[in-house]
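**Q** Supplied structure: structure-v4.pdb, PDB, C-alpha atoms, pLDDT in the B column.
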MODEL        1
ATOM      1  CA  MET A   1      39.829  -7.339  13.900  1.00 45.00           C
ATOM      2  CA  THR A   2      38.614  -6.399  17.367  1.00 47.00           C
ATOM      3  CA  ALA A   3      35.323  -4.639  18.072  1.00 46.00           C
ATOM      4  CA  ARG A   4      37.321  -1.596  19.189  1.00 47.00           C
ATOM      5  CA  SER A   5      39.256  -1.360  15.925  1.00 46.00           C
ATOM      6  CA  MET A   6      36.015  -1.615  13.936  1.00 50.00           C
ATOM      7  CA  ASP A   7      34.700   1.527  15.708  1.00 55.00           C
ATOM      8  CA  ILE A   8      37.673   3.647  14.643  1.00 54.00           C
ATOM      9  CA  PRO A   9      37.722   4.294  10.892  1.00 55.00           C
ATOM     10  CA  SER A  10      41.036   3.930   9.112  1.00 55.00           C
ATOM     11  CA  SER A  11      42.243   6.799   6.959  1.00 54.00           C
ATOM     12  CA  ALA A  12      41.225   4.771   3.888  1.00 56.00           C
ATOM     13  CA  THR A  13      37.586   4.398   4.999  1.00 59.00           C
ATOM     14  CA  ALA A  14      37.125   7.524   7.116  1.00 56.00           C
ATOM     15  CA  HIS A  15      35.053   9.428   4.557  1.00 69.00           C
ATOM     16  CA  LEU A  16      33.338   6.631   2.635  1.00 67.00           C
ATOM     17  CA  TYR A  17      30.044   7.561   4.308  1.00 70.00           C
ATOM     18  CA  LEU A  18      30.284  11.010   2.647  1.00 77.00           C
ATOM     19  CA  ARG A  19      30.306   9.600  -0.882  1.00 81.00           C
ATOM     20  CA  GLU A  20      27.384  10.551  -3.099  1.00 85.00           C
ATOM     21  CA  ASP A  21      26.141   6.970  -3.434  1.00 87.00           C
ATOM     22  CA  ARG A  22      26.054   6.571   0.365  1.00 86.00           C
ATOM     23  CA  ILE A  23      24.195   9.859   0.813  1.00 88.00           C
ATOM     24  CA  ARG A  24      21.688   8.838  -1.876  1.00 91.00           C
ATOM     25  CA  GLN A  25      21.178   5.471  -0.144  1.00 92.00           C
ATOM     26  CA  SER A  26      20.588   7.225   3.178  1.00 90.00           C
ATOM     27  CA  TYR A  27      18.117   9.671   1.669  1.00 91.00           C
ATOM     28  CA  GLU A  28      16.231   6.843  -0.018  1.00 94.00           C
ATOM     29  CA  ALA A  29      16.153   4.946   3.275  1.00 92.00           C
ATOM     30  CA  MET A  30      14.672   8.012   5.024  1.00 91.00           C
ATOM     31  CA  MET A  31      11.972   8.337   2.331  1.00 93.00           C
ATOM     32  CA  LEU A  32      11.043   4.673   2.618  1.00 94.00           C
ATOM     33  CA  ALA A  33      11.097   4.840   6.414  1.00 91.00           C
ATOM     34  CA  TRP A  34       8.794   7.874   6.334  1.00 90.00           C
ATOM     35  CA  ARG A  35       6.382   5.908   4.124  1.00 92.00           C
ATOM     36  CA  THR A  36       6.427   2.961   6.530  1.00 90.00           C
ATOM     37  CA  LEU A  37       6.020   5.162   9.608  1.00 89.00           C
ATOM     38  CA  ASN A  38       3.007   6.935   8.179  1.00 90.00           C
ATOM     39  CA  ALA A  39       1.230   4.185   6.206  1.00 89.00           C
ATOM     40  CA  ASP A  40      -1.229   3.256   8.967  1.00 88.00           C
ATOM     41  CA  CYS A  41      -1.637   6.902   9.963  1.00 94.00           C
ATOM     42  CA  GLU A  42      -2.542   7.954   6.420  1.00 94.00           C
ATOM     43  CA  SER A  43      -5.319   5.390   6.287  1.00 92.00           C
ATOM     44  CA  LEU A  44      -6.852   6.625   9.545  1.00 94.00           C
ATOM     45  CA  LEU A  45      -6.430  10.269   8.536  1.00 96.00           C
ATOM     46  CA  ARG A  46      -8.187   9.623   5.207  1.00 94.00           C
ATOM     47  CA  GLU A  47     -11.111   8.046   7.080  1.00 94.00           C
ATOM     48  CA  LYS A  48     -11.389  11.290   9.055  1.00 93.00           C
ATOM     49  CA  GLY A  49     -11.017  13.496   5.952  1.00 95.00           C
ATOM     50  CA  LEU A  50      -7.619  14.744   7.138  1.00 96.00           C
ATOM     51  CA  GLY A  51      -4.135  14.738   5.670  1.00 94.00           C
ATOM     52  CA  PRO A  52      -0.463  14.918   6.613  1.00 93.00           C
ATOM     53  CA  ALA A  53      -0.529  18.645   7.484  1.00 93.00           C
ATOM     54  CA  HIS A  54      -3.339  18.008   9.975  1.00 96.00           C
ATOM     55  CA  HIS A  55      -1.319  15.163  11.492  1.00 96.00           C
ATOM     56  CA  ARG A  56       1.769  17.338  11.929  1.00 95.00           C
ATOM     57  CA  ILE A  57      -0.312  20.086  13.568  1.00 97.00           C
ATOM     58  CA  LEU A  58      -1.893  17.587  15.986  1.00 97.00           C
ATOM     59  CA  PHE A  59       1.527  16.180  16.858  1.00 97.00           C
ATOM     60  CA  LEU A  60       3.129  19.596  17.441  1.00 97.00           C
ATOM     61  CA  ALA A  61       0.145  20.798  19.489  1.00 96.00           C
ATOM     62  CA  VAL A  62       0.709  17.887  21.883  1.00 96.00           C
ATOM     63  CA  ALA A  63       4.493  18.205  21.875  1.00 95.00           C
ATOM     64  CA  HIS A  64       4.326  21.986  22.491  1.00 95.00           C
ATOM     65  CA  PRO A  65       1.205  22.855  24.522  1.00 92.00           C
ATOM     66  CA  GLY A  66      -0.041  26.344  23.727  1.00 91.00           C
ATOM     67  CA  ILE A  67       1.883  26.545  20.454  1.00 94.00           C
ATOM     68  CA  THR A  68       0.899  29.544  18.355  1.00 93.00           C
ATOM     69  CA  PRO A  69       0.089  29.613  14.641  1.00 93.00           C
ATOM     70  CA  THR A  70       3.291  31.616  14.063  1.00 90.00           C
ATOM     71  CA  ALA A  71       5.381  28.920  15.758  1.00 92.00           C
ATOM     72  CA  LEU A  72       3.603  26.282  13.664  1.00 93.00           C
ATOM     73  CA  LEU A  73       4.401  28.225  10.499  1.00 92.00           C
ATOM     74  CA  ASN A  74       8.061  28.316  11.480  1.00 90.00           C
ATOM     75  CA  SER A  75       8.149  24.603  12.353  1.00 90.00           C
ATOM     76  CA  LEU A  76       6.194  23.308   9.378  1.00 91.00           C
ATOM     77  CA  GLY A  77       7.506  25.610   6.673  1.00 85.00           C
ATOM     78  CA  ILE A  78       4.089  25.881   4.999  1.00 88.00           C
ATOM     79  CA  THR A  79       2.226  28.945   3.787  1.00 91.00           C
ATOM     80  CA  LYS A  80      -0.019  30.955   6.056  1.00 93.00           C
ATOM     81  CA  GLN A  81      -2.937  30.062   3.770  1.00 95.00           C
ATOM     82  CA  SER A  82      -2.246  26.306   4.027  1.00 93.00           C
ATOM     83  CA  LEU A  83      -1.925  26.535   7.796  1.00 95.00           C
ATOM     84  CA  GLY A  84      -5.144  28.535   8.047  1.00 95.00           C
ATOM     85  CA  ARG A  85      -7.008  25.971   5.986  1.00 96.00           C
ATOM     86  CA  ALA A  86      -5.708  23.053   8.081  1.00 96.00           C
ATOM     87  CA  LEU A  87      -6.424  24.843  11.386  1.00 96.00           C
ATOM     88  CA  GLY A  88      -9.936  25.629  10.132  1.00 96.00           C
ATOM     89  CA  ASP A  89     -10.518  21.959   9.302  1.00 96.00           C
ATOM     90  CA  LEU A  90      -9.342  20.898  12.764  1.00 97.00           C
ATOM     91  CA  ARG A  91     -11.524  23.524  14.486  1.00 96.00           C
ATOM     92  CA  GLU A  92     -14.525  22.547  12.354  1.00 96.00           C
ATOM     93  CA  ARG A  93     -14.090  18.896  13.376  1.00 96.00           C
ATOM     94  CA  LYS A  94     -13.794  20.001  17.016  1.00 97.00           C
ATOM     95  CA  LEU A  95     -10.265  18.561  17.317  1.00 97.00           C
ATOM     96  CA  LEU A  96      -8.565  21.862  18.143  1.00 96.00           C
ATOM     97  CA  VAL A  97      -9.434  25.205  19.713  1.00 95.00           C
ATOM     98  CA  GLN A  98      -7.668  28.513  19.372  1.00 88.00           C
ATOM     99  CA  GLU A  99      -7.715  30.514  22.582  1.00 80.00           C
ATOM    100  CA  GLU A 100      -6.879  34.074  23.550  1.00 75.00           C
ATOM    101  CA  ASP A 101      -3.877  34.652  25.757  1.00 68.00           C
ATOM    102  CA  ARG A 102      -5.029  36.589  28.858  1.00 73.00           C
ATOM    103  CA  HIS A 103      -1.748  38.505  28.999  1.00 72.00           C
ATOM    104  CA  ASP A 104      -1.248  39.187  25.284  1.00 67.00           C
ATOM    105  CA  ARG A 105      -4.368  39.349  23.128  1.00 66.00           C
ATOM    106  CA  ARG A 106      -2.254  39.103  19.963  1.00 67.00           C
ATOM    107  CA  ARG A 107      -1.177  35.568  20.886  1.00 70.00           C
ATOM    108  CA  ARG A 108      -3.645  32.857  19.907  1.00 83.00           C
ATOM    109  CA  PRO A 109      -2.384  29.627  21.509  1.00 92.00           C
ATOM    110  CA  LEU A 110      -3.724  26.345  20.183  1.00 94.00           C
ATOM    111  CA  ARG A 111      -5.017  23.483  22.276  1.00 94.00           C
ATOM    112  CA  LEU A 112      -6.354  20.095  21.283  1.00 97.00           C
ATOM    113  CA  THR A 113      -9.796  19.087  22.472  1.00 97.00           C
ATOM    114  CA  GLU A 114     -10.340  15.688  24.084  1.00 97.00           C
ATOM    115  CA  ALA A 115     -11.252  14.312  20.649  1.00 98.00           C
ATOM    116  CA  GLY A 116      -8.102  15.872  19.158  1.00 97.00           C
ATOM    117  CA  GLU A 117      -5.927  14.405  21.894  1.00 97.00           C
ATOM    118  CA  ALA A 118      -7.521  10.977  21.395  1.00 98.00           C
ATOM    119  CA  LEU A 119      -6.912  11.083  17.631  1.00 98.00           C
ATOM    120  CA  GLU A 120      -3.319  12.262  18.045  1.00 98.00           C
ATOM    121  CA  ARG A 121      -2.712   9.515  20.626  1.00 98.00           C
ATOM    122  CA  GLN A 122      -4.097   6.880  18.260  1.00 97.00           C
ATOM    123  CA  LEU A 123      -1.829   8.151  15.456  1.00 97.00           C
ATOM    124  CA  PHE A 124       1.199   8.340  17.746  1.00 97.00           C
ATOM    125  CA  LEU A 125       0.695   4.771  18.999  1.00 96.00           C
ATOM    126  CA  MET A 126       0.920   3.566  15.391  1.00 95.00           C
ATOM    127  CA  ILE A 127       4.211   5.394  14.909  1.00 95.00           C
ATOM    128  CA  ARG A 128       5.533   4.348  18.310  1.00 95.00           C
ATOM    129  CA  GLU A 129       4.943   0.686  17.497  1.00 94.00           C
ATOM    130  CA  VAL A 130       6.976   0.893  14.276  1.00 93.00           C
ATOM    131  CA  MET A 131       9.770   2.958  15.851  1.00 94.00           C
ATOM    132  CA  THR A 132       9.989   0.777  18.953  1.00 95.00           C
ATOM    133  CA  ARG A 133      10.436  -2.314  16.806  1.00 95.00           C
ATOM    134  CA  ALA A 134      13.176  -0.604  14.753  1.00 94.00           C
ATOM    135  CA  TYR A 135      14.909   0.843  17.830  1.00 95.00           C
ATOM    136  CA  ARG A 136      14.986  -2.565  19.536  1.00 96.00           C
ATOM    137  CA  GLU A 137      16.456  -4.168  16.443  1.00 96.00           C
ATOM    138  CA  ALA A 138      19.097  -1.439  15.950  1.00 95.00           C
ATOM    139  CA  GLY A 139      20.167  -1.108  19.576  1.00 95.00           C
ATOM    140  CA  MET A 140      20.949   1.834  21.837  1.00 94.00           C
ATOM    141  CA  THR A 141      24.188   2.917  20.120  1.00 95.00           C
ATOM    142  CA  ALA A 142      22.535   3.038  16.702  1.00 93.00           C
ATOM    143  CA  VAL A 143      19.535   4.939  18.074  1.00 93.00           C
ATOM    144  CA  GLU A 144      21.795   7.563  19.623  1.00 95.00           C
ATOM    145  CA  GLY A 145      23.759   7.839  16.365  1.00 93.00           C
ATOM    146  CA  PHE A 146      20.497   8.226  14.460  1.00 92.00           C
ATOM    147  CA  ARG A 147      19.451  11.082  16.745  1.00 93.00           C
ATOM    148  CA  ARG A 148      22.836  12.753  16.273  1.00 93.00           C
ATOM    149  CA  VAL A 149      22.356  12.588  12.493  1.00 91.00           C
ATOM    150  CA  LEU A 150      18.802  13.961  12.659  1.00 90.00           C
ATOM    151  CA  THR A 151      19.651  16.915  14.894  1.00 91.00           C
ATOM    152  CA  PRO A 152      21.546  19.008  12.307  1.00 90.00           C
ATOM    153  CA  LEU A 153      18.977  18.025   9.666  1.00 87.00           C
ATOM    154  CA  GLN A 154      16.361  19.948  11.671  1.00 84.00           C
ATOM    155  CA  GLU A 155      17.735  23.348  10.679  1.00 74.00           C
ATOM    156  CA  PRO A 156      14.924  25.704   9.651  1.00 63.00           C
ATOM    157  CA  VAL A 157      14.010  25.656   5.968  1.00 54.00           C
ATOM    158  CA  GLY A 158      16.055  28.177   4.010  1.00 54.00           C
ATOM    159  CA  SER A 159      18.903  28.417   6.505  1.00 49.00           C
ATOM    160  CA  SER A 160      22.374  27.895   5.179  1.00 44.00           C
ATOM    161  CA  VAL A 161      24.053  24.878   6.664  1.00 42.00           C
ATOM    162  CA  PRO A 162      27.775  24.499   5.852  1.00 41.00           C
TER     163      PRO A 162
ENDMDL
END
Could you write out this file's structure as structure tokens?

**A**
Amino acid sequence: MTARSMDIPSSATAHLYLREDRIRQSYEAMMLAWRTLNADCESLLREKGLGPAHHRILFLAVAHPGITPTALLNSLGITKQSLGRALGDLRERKLLVQEEDRHDRRRRPLRLTEAGEALERQLFLMIREVMTRAYREAGMTAVEGFRRVLTPLQEPVGSSVP
């Protein structure tokens, strides 16, 4: 069998990846990968008295400078009360500040402080190390396929995906 023929599924194997057992295996793999990706981060966060919600807020604040609490609510799918508590913790620890938008006083963009940026960078470097190792092992084609699988999985919570 040539490499080219292995890339094109036959009619007999075309939908084997859609079988329940394969989907369960994939979901389990994602759960275990998430645990591995965040193991070192969780330890550091615990030392700082922070948790996973704080980590996600720090990450999104770097990825989307000036993100608003409303945008965070939409991205994280958590309650307003949970977000408020986590933002309060981050402000109290001087890791994040909430500013007033000069053009629209209703908008309250978030920005990490130097300490917040340093903590987020430290957490990200832990994740980057694990992902870089996995990406190198899997190769470029697999990484691109992985991204194509993750993209439709990022639909907002509660949306109906066919």

**Q** I'd like the neighbourhood of A:Gly116 as a compact mmCIF listing (two decimals) with C-alpha atoms, in the coordinates of the input, where a residue qualifies if any of its atoms comes within 9 Å (using only C-alpha atoms), though same-chain residues fewer than 5 positions away should be ignored.

**A**
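Okay, out_38.txt is ready:
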# COMPACT_ATOMS: atom_id res chain seq x y z
CA LEU A 58 -1.89 17.59 15.99
CA LEU A 90 -9.34 20.90 12.76
CA ARG A 93 -14.09 18.90 13.38
CA LYS A 94 -13.79 20.00 17.02
CA LEU A 95 -10.26 18.56 17.32
CA LEU A 96 -8.56 21.86 18.14
CA ARG A 111 -5.02 23.48 22.28
CA ARG A 121 -2.71 9.52 20.63

**Q** At what distance in Å, to one decimal, does atom CA of A:Ile127 lie from atom CA of A:Leu44?

**A**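 Straight-line distance from atom CA of A:Leu44 to atom CA of A:Ile127 works out to 12.4 Å.
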
**Q** With 5 Å of padding per side, what axis-aligned box (centre and edge lengths, Å, one decimal) covers all the listed atoms of stretch 80-86 of chain A? Give it as JSON.

**A**
{"center_x": -3.5, "center_y": 27.0, "center_z": 5.9, "size_x": 17.0, "size_y": 17.9, "size_z": 14.3}

**Q** Which stretch 22-91 of chain A residues have any atom within 12 Å of an atom of stretch 139-152 of chain A, and for each, what is the nearest pair of atoms with distance in Å to one decimal, counting only C-alpha atoms, rows sorted by chain and number, as a Markdown table?

**A**
| residue | atom | partner | partner_atom | distance |
| --- | --- | --- | --- | --- |
| A:Ser26 | CA | A:Val149 | CA | 10.9 |
| A:Tyr27 | CA | A:Leu150 | CA | 11.8 |
| A:Met30 | CA | A:Leu150 | CA | 10.5 |

**Q** Measuring atom to atom with only C-alpha atoms, identify which of A:Ala29, A:Leu153, A:Leu50, A:Leu72 is nearest to A:Arg108.

**A**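 Closest to A:Arg108 of all the choices is A:Leu72.
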
**Q** Go through A:Arg107, A:Arg19, A:His64, A:Arg56 one by one, measure the shortest atom-to-atom distance of each to A:Leu76 using only C-alpha atoms, and give the residue with the smallest value.

**A**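 Closest to A:Leu76, using only C-alpha atoms: A:Arg56.
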
**Q** In Å, how far is it from atom CA of A:Glu155 to atom CA of A:Gly77?

**A**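 Those two atoms sit 11.2 Å apart.
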
**Q** Report the distance between atom CA of A:Pro109 and atom CA of A:Ile67 in Å, rounded to one decimal place.

**A**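 Those two atoms sit 5.4 Å apart.
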
**Q** Just give me the residues with any atom within 12 Å of (-8.9, 9.2, 10.7), file coordinates, counting all atoms listed in the file, written as a list in words.

**A**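 The residues near that point, listed by chain and number, are Asp40, Cys41, Glu42, Ser43, Leu44, Leu45, Arg46, Glu47, Lys48, Gly49, Leu50, Gly51, Pro52, His54, His55, Leu90, Arg93, Leu95, Ala115, Gly116, Ala118, Leu119, Glu120, Arg121, Gln122 and Leu123 of chain A.
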
**Q** Export, as a PDB file, in the frame of the given file, the selected residues with C-alpha atoms.

**A**
ATOM      1  CA  ASP A  40      -1.229   3.256   8.967  1.00 88.00           C
ATOM      2  CA  CYS A  41      -1.637   6.902   9.963  1.00 94.00           C
ATOM      3  CA  GLU A  42      -2.542   7.954   6.420  1.00 94.00           C
ATOM      4  CA  SER A  43      -5.319   5.390   6.287  1.00 92.00           C
ATOM      5  CA  LEU A  44      -6.852   6.625   9.545  1.00 94.00           C
ATOM      6  CA  LEU A  45      -6.430  10.269   8.536  1.00 96.00           C
ATOM      7  CA  ARG A  46      -8.187   9.623   5.207  1.00 94.00           C
ATOM      8  CA  GLU A  47     -11.111   8.046   7.080  1.00 94.00           C
ATOM      9  CA  LYS A  48     -11.389  11.290   9.055  1.00 93.00           C
ATOM     10  CA  GLY A  49     -11.017  13.496   5.952  1.00 95.00           C
ATOM     11  CA  LEU A  50      -7.619  14.744   7.138  1.00 96.00           C
ATOM     12  CA  GLY A  51      -4.135  14.738   5.670  1.00 94.00           C
ATOM     13  CA  PRO A  52      -0.463  14.918   6.613  1.00 93.00           C
ATOM     14  CA  HIS A  54      -3.339  18.008   9.975  1.00 96.00           C
ATOM     15  CA  HIS A  55      -1.319  15.163  11.492  1.00 96.00           C
ATOM     16  CA  LEU A  90      -9.342  20.898  12.764  1.00 97.00           C
ATOM     17  CA  ARG A  93     -14.090  18.896  13.376  1.00 96.00           C
ATOM     18  CA  LEU A  95     -10.265  18.561  17.317  1.00 97.00           C
ATOM     19  CA  ALA A 115     -11.252  14.312  20.649  1.00 98.00           C
ATOM     20  CA  GLY A 116      -8.102  15.872  19.158  1.00 97.00           C
ATOM     21  CA  ALA A 118      -7.521  10.977  21.395  1.00 98.00           C
ATOM     22  CA  LEU A 119      -6.912  11.083  17.631  1.00 98.00           C
ATOM     23  CA  GLU A 120      -3.319  12.262  18.045  1.00 98.00           C
ATOM     24  CA  ARG A 121      -2.712   9.515  20.626  1.00 98.00           C
ATOM     25  CA  GLN A 122      -4.097   6.880  18.260  1.00 97.00           C
ATOM     26  CA  LEU A 123      -1.829   8.151  15.456  1.00 97.00           C
TER      27      LEU A 123
END

**Q** Between A:Ile57, A:Leu18, A:Leu73, A:Met126, single out the one closest to A:Arg91, counting only C-alpha atoms.

**A**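 Result for the nearest residue to A:Arg91: A:Ile57.
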
**Q** Restricting the calculation to all atoms listed in the file, which member of A:Leu83, A:Pro65, A:Val97, A:Leu37 is positioned closest to A:Ala134?

**A** A:Leu37
